[in-house]
Amino acid sequence: MHTSRDRFLDVVRAGAILAVIAQHWIMPVLSYSDGHLATGNALATPGWWVVTWLSQVMPLVFFAGGAANLISFRRAASTQQWLAARIKRLMVPVLPLMAVWLIVPDFLRGLGVPPQPLQVGSAIAAQLLWFLAVYVLVVLLTPLMVAAHRRWGLKVPLVMGAAGLLVDVARFNDLGYLGYANAIFVWVAVHQLGFHYVEGRLGSLTRRGALTLSAAGFGITALLVAFGPYPASMIGMPGAPVSNMSPPTVLLAFLAVGQIGLLLAFRPQLNALAARPGIGDALGWLGARFMSVYLWHMPALIVVAGVTVYGLGYQTPAPGTVFWLVMAPAWFATCGMVLFGLLRLFAHFEMQRDTAVATARVPQLVAAGLLVSGGLLGLAAHGFAPLSDGIARGPVPWVVLATAGFLLAGKQIPGVDLLGRAVTVSERATLPGLKR
């Protein structure tokens, strides 16, 4: 079991967030005319779907999260303290984002921004909260999944993957809403692979073994695309009848295996890279601001697009043309400068460490996590509509729900914990799967 900081996981996390940013900043194809903002996706260019097999890195985020969660869970004083710390740490960076975007839409409306581009920007600012909504649920399941891992090992992700496949069969046979169950089955399966990196065969694979695993993952992905109902792109495309991401398909679990195997094959080189002083410092800087970077990189894009496309009449060149290739670095640099400015304003919320001891017991923390997840999912689905459109129909109910969950994860509320109590270190030894 890993006891010191794992440089490989630091590289995976940093590489994943940088890939997310790069993909999101490169995708938009924008133009504005007569009050309408036209939006397209550069990755919808014929043949560019192959890029998404590497740029779709949410599987790696869940994999690295699983490894980090197992390590931190083993070190925690109790399940109670671990859950409280995780829920609060995930939610704290969201608080300033919600506060800002409760105000921004009405401010922009007051400046005369037309409704349609305002709606597009307000929706994009909230869309990425889907990840946190799902991840909080995965965190709530982690104590149970750790126990399952200790008892059944590799059978757990295999069963989750099989369940994900059955969900896809139902989804593609006119039971579409069942597909959303894979937000749990697929991502928990990938999260579970992180456990097997920390204490399992994944962490000790040779390069040949890792490359074999990678080939199997990518190979099965290719077969399912070629002969199954799955689209070739690993992200949702405009107008496509099926998305591999919304809701996730089991294809992403096989893609995860391919990506994880590929990275593990070069783990010695990645560890050596992370050991370099400059790179190590950069990884530390990014790691301390991971959620803030994730949450604010799309608002940075909105600012740049608002000024250049809406304000100055800039139009994205046709993807792949010489002009597009020339303008892309300038676009990235501008978005990067805006993001850095936003981080200077808001990243300190994430970097503050809460030293208060949580008194909320496990059932209350589970309720808190469900409230947080529900609120964030509502925001992701509905966006930050202007408050002037009506309080009840806008983002306020979802913000209240998520904030209530955050507050509930602090002090114990009398009467809430009638179902049980925290599991302490001494008690773990008596529970199957929770032994140290």
# chains A, B, ... in the order shown; residues from 1 in each chain; ligands from 1
>>> residues_around(residues="A:Leu129", least_positions_apart="4", cutoff="12 Å", atoms="only C-alpha atoms", output="mmCIF file with N, CA and C atoms, in the first residue's frame")
data_model
loop_
_atom_site.group_PDB
_atom_site.id
_atom_site.type_symbol
_atom_site.label_atom_id
_atom_site.label_comp_id
_atom_site.auth_asym_id
_atom_site.auth_seq_id
_atom_site.Cartn_x
_atom_site.Cartn_y
_atom_site.Cartn_z
ATOM 1 N N LEU A 90 -15.065 19.492 -1.258
ATOM 2 C CA LEU A 90 -15.600 19.543 -2.614
ATOM 3 C C LEU A 90 -16.534 20.737 -2.804
ATOM 4 N N MET A 91 -17.246 21.100 -1.776
ATOM 5 C CA MET A 91 -18.267 22.132 -1.901
ATOM 6 C C MET A 91 -17.731 23.546 -1.735
ATOM 7 N N PRO A 93 -15.129 25.275 -2.931
ATOM 8 C CA PRO A 93 -14.824 26.058 -4.128
ATOM 9 C C PRO A 93 -16.056 26.428 -4.950
ATOM 10 N N VAL A 94 -17.168 25.710 -4.743
ATOM 11 C CA VAL A 94 -18.380 25.994 -5.509
ATOM 12 C C VAL A 94 -19.104 27.228 -4.973
ATOM 13 N N LEU A 95 -18.925 27.529 -3.690
ATOM 14 C CA LEU A 95 -19.662 28.623 -3.068
ATOM 15 C C LEU A 95 -19.426 29.959 -3.762
ATOM 16 N N LEU A 97 -18.417 30.445 -6.825
ATOM 17 C CA LEU A 97 -18.952 30.343 -8.183
ATOM 18 C C LEU A 97 -20.458 30.601 -8.174
ATOM 19 N N MET A 98 -21.169 29.994 -7.241
ATOM 20 C CA MET A 98 -22.611 30.204 -7.168
ATOM 21 C C MET A 98 -22.926 31.655 -6.834
ATOM 22 N N ALA A 123 -25.839 28.873 -18.987
ATOM 23 C CA ALA A 123 -25.929 27.413 -18.964
ATOM 24 C C ALA A 123 -24.539 26.784 -18.925
ATOM 25 N N ILE A 124 -23.617 27.323 -19.733
ATOM 26 C CA ILE A 124 -22.267 26.765 -19.793
ATOM 27 C C ILE A 124 -21.558 26.901 -18.448
ATOM 28 N N ALA A 125 -21.792 28.003 -17.759
ATOM 29 C CA ALA A 125 -21.127 28.234 -16.468
ATOM 30 C C ALA A 125 -21.492 27.172 -15.443
ATOM 31 N N ALA A 133 -21.637 16.709 -8.837
ATOM 32 C CA ALA A 133 -22.858 16.057 -8.367
ATOM 33 C C ALA A 133 -22.672 14.542 -8.316
ATOM 34 N N VAL A 134 -22.071 13.990 -9.364
ATOM 35 C CA VAL A 134 -21.836 12.545 -9.409
ATOM 36 C C VAL A 134 -20.723 12.157 -8.443
ATOM 37 N N TYR A 135 -19.670 12.959 -8.386
ATOM 38 C CA TYR A 135 -18.524 12.612 -7.555
ATOM 39 C C TYR A 135 -18.882 12.589 -6.078
ATOM 40 N N VAL A 136 -19.767 13.485 -5.657
ATOM 41 C CA VAL A 136 -20.209 13.471 -4.263
ATOM 42 C C VAL A 136 -20.917 12.155 -3.949
ATOM 43 N N MET A 291 -9.865 21.986 -8.002
ATOM 44 C CA MET A 291 -11.287 22.227 -8.210
ATOM 45 C C MET A 291 -11.545 23.645 -8.707
ATOM 46 N N SER A 292 -10.775 24.602 -8.228
ATOM 47 C CA SER A 292 -10.960 25.984 -8.682
ATOM 48 C C SER A 292 -10.639 26.110 -10.168
ATOM 49 N N TYR A 294 -10.873 23.731 -12.362
ATOM 50 C CA TYR A 294 -11.964 23.061 -13.075
ATOM 51 C C TYR A 294 -13.204 23.957 -13.151
ATOM 52 N N LEU A 295 -13.569 24.579 -12.040
ATOM 53 C CA LEU A 295 -14.815 25.339 -11.988
ATOM 54 C C LEU A 295 -14.753 26.657 -12.762
ATOM 55 N N TRP A 296 -13.570 27.282 -12.810
ATOM 56 C CA TRP A 296 -13.481 28.620 -13.382
ATOM 57 C C TRP A 296 -12.938 28.655 -14.807
ATOM 58 N N MET A 298 -14.317 27.439 -17.499
ATOM 59 C CA MET A 298 -15.392 27.773 -18.437
ATOM 60 C C MET A 298 -15.863 29.224 -18.296
ATOM 61 N N VAL A 372 -26.269 18.148 -1.389
ATOM 62 C CA VAL A 372 -25.254 18.791 -2.228
ATOM 63 C C VAL A 372 -25.354 18.267 -3.650
ATOM 64 N N SER A 373 -25.409 16.960 -3.799
ATOM 65 C CA SER A 373 -25.467 16.362 -5.127
ATOM 66 C C SER A 373 -26.721 16.799 -5.884
ATOM 67 N N GLY A 374 -27.860 16.780 -5.199
ATOM 68 C CA GLY A 374 -29.102 17.197 -5.844
ATOM 69 C C GLY A 374 -29.078 18.648 -6.276
ATOM 70 N N GLY A 375 -28.548 19.512 -5.412
ATOM 71 C CA GLY A 375 -28.467 20.924 -5.765
ATOM 72 C C GLY A 375 -27.550 21.184 -6.946
ATOM 73 N N LEU A 376 -26.383 20.542 -6.948
ATOM 74 C CA LEU A 376 -25.440 20.738 -8.046
ATOM 75 C C LEU A 376 -25.973 20.157 -9.356
ATOM 76 N N LEU A 377 -26.663 19.025 -9.254
ATOM 77 C CA LEU A 377 -27.244 18.436 -10.458
ATOM 78 C C LEU A 377 -28.333 19.334 -11.027
ATOM 79 N N GLY A 378 -29.124 19.937 -10.154
ATOM 80 C CA GLY A 378 -30.141 20.874 -10.618
ATOM 81 C C GLY A 378 -29.540 22.081 -11.311
ATOM 82 N N LEU A 379 -28.453 22.606 -10.760
ATOM 83 C CA LEU A 379 -27.776 23.732 -11.396
ATOM 84 C C LEU A 379 -27.194 23.333 -12.747
ATOM 85 N N ALA A 380 -26.591 22.145 -12.805
ATOM 86 C CA ALA A 380 -26.007 21.684 -14.066
ATOM 87 C C ALA A 380 -27.071 21.535 -15.149
ATOM 88 N N ALA A 381 -28.246 21.088 -14.749
ATOM 89 C CA ALA A 381 -29.313 20.863 -15.723
ATOM 90 C C ALA A 381 -30.011 22.146 -16.147
ATOM 91 N N HIS A 382 -30.158 23.102 -15.228
ATOM 92 C CA HIS A 382 -30.970 24.290 -15.497
ATOM 93 C C HIS A 382 -30.160 25.560 -15.703
ATOM 94 N N GLY A 383 -28.904 25.584 -15.262
ATOM 95 C CA GLY A 383 -28.072 26.757 -15.459
ATOM 96 C C GLY A 383 -28.387 27.887 -14.494
ATOM 97 N N PHE A 384 -27.677 28.999 -14.682
ATOM 98 C CA PHE A 384 -27.852 30.174 -13.832
ATOM 99 C C PHE A 384 -28.726 31.192 -14.564
ATOM 100 N N TRP A 398 -31.876 25.525 -6.222
ATOM 101 C CA TRP A 398 -30.770 24.575 -6.303
ATOM 102 C C TRP A 398 -29.576 25.050 -5.483
ATOM 103 N N VAL A 399 -29.336 26.350 -5.497
ATOM 104 C CA VAL A 399 -28.264 26.912 -4.671
ATOM 105 C C VAL A 399 -28.568 26.691 -3.196
ATOM 106 N N ALA A 402 -27.949 22.956 -2.339
ATOM 107 C CA ALA A 402 -26.525 22.610 -2.226
ATOM 108 C C ALA A 402 -25.891 23.252 -0.999
#
>>> residues_around(residues="stretch 239-243 of chain A", least_positions_apart="5", cutoff="10 Å", atoms="only C-alpha atoms", output="ChimeraX atom specification")
/A:44,172,229-234,248-249
>>> closest_atom_pairs(of="stretch 218-317 of chain A", to="stretch 153-169 of chain A", cutoff="9 Å", atoms="only C-alpha atoms", output="CSV")
residue,atom,partner,partner_atom,distance
A:Thr249,CA,A:Asp168,CA,6.4
A:Val250,CA,A:Gly164,CA,5.4
A:Leu251,CA,A:Leu165,CA,8.6
A:Ala253,CA,A:Gly161,CA,7.1
A:Phe254,CA,A:Gly161,CA,8.9
>>> residues_around(residues="A:Asp281", least_positions_apart="6", cutoff="12 Å", atoms="only C-alpha atoms", output="list in words")
Arg7, Asp10, Val11, Ala14, Leu273, Ala274, Ala275, Gly287 and Ala288 of chain A
>>> closest_residue(among="A:His24, A:Val326, A:Ser72, A:Leu108", to="A:Arg86", atoms="only C-alpha atoms")
A:Ser72
>>> closest_atom_pairs(of="stretch 40-64 of chain A", to="stretch 18-21 of chain A", cutoff="9 Å", atoms="only C-alpha atoms", output="Markdown table")
| residue | atom | partner | partner_atom | distance |
| --- | --- | --- | --- | --- |
| A:Leu54 | CA | A:Ala19 | CA | 8.6 |
| A:Ser55 | CA | A:Ala19 | CA | 5.8 |
| A:Gln56 | CA | A:Val20 | CA | 7.3 |
| A:Val57 | CA | A:Val20 | CA | 6.8 |
| A:Met58 | CA | A:Val20 | CA | 8.0 |
>>> write_last_selection(atoms="C-alpha atoms", output="short mmCIF file (atom, residue, chain, number, x, y, z; two decimals), in the first residue's frame")
data_model
loop_
_atom_site.label_atom_id
_atom_site.label_comp_id
_atom_site.auth_asym_id
_atom_site.auth_seq_id
_atom_site.Cartn_x
_atom_site.Cartn_y
_atom_site.Cartn_z
CA LEU A 54 -7.38 10.59 -25.44
CA SER A 55 -8.87 14.01 -24.64
CA GLN A 56 -11.93 12.55 -22.89
CA VAL A 57 -10.19 12.16 -19.55
CA MET A 58 -13.08 12.09 -17.08
#
>>> closest_residue(among="A:Met337, A:Val186, A:Leu255, A:Val293", to="A:Glu350", atoms="only C-alpha atoms")
A:Val293
>>> closest_residue(among="A:Pro363, A:Ala347, A:Ser122, A:Gln269", to="A:Ile103", atoms="only C-alpha atoms")
A:Ser122
>>> select_by_dssp(residues="stretch 238-370 of chain A", states="alpha helix (DSSP H)", output="PyMOL selection string")
chain A and resi 251-265+267-275+277-288+290-305+322-351+362-370
>>> atom_distance(atom1="atom CA of A:Val257", atom2="atom CA of A:Gly219")
10.1 Å
>>> atom_distance(atom1="atom CA of A:Ala328", atom2="atom CA of A:Ala22")
10.6 Å
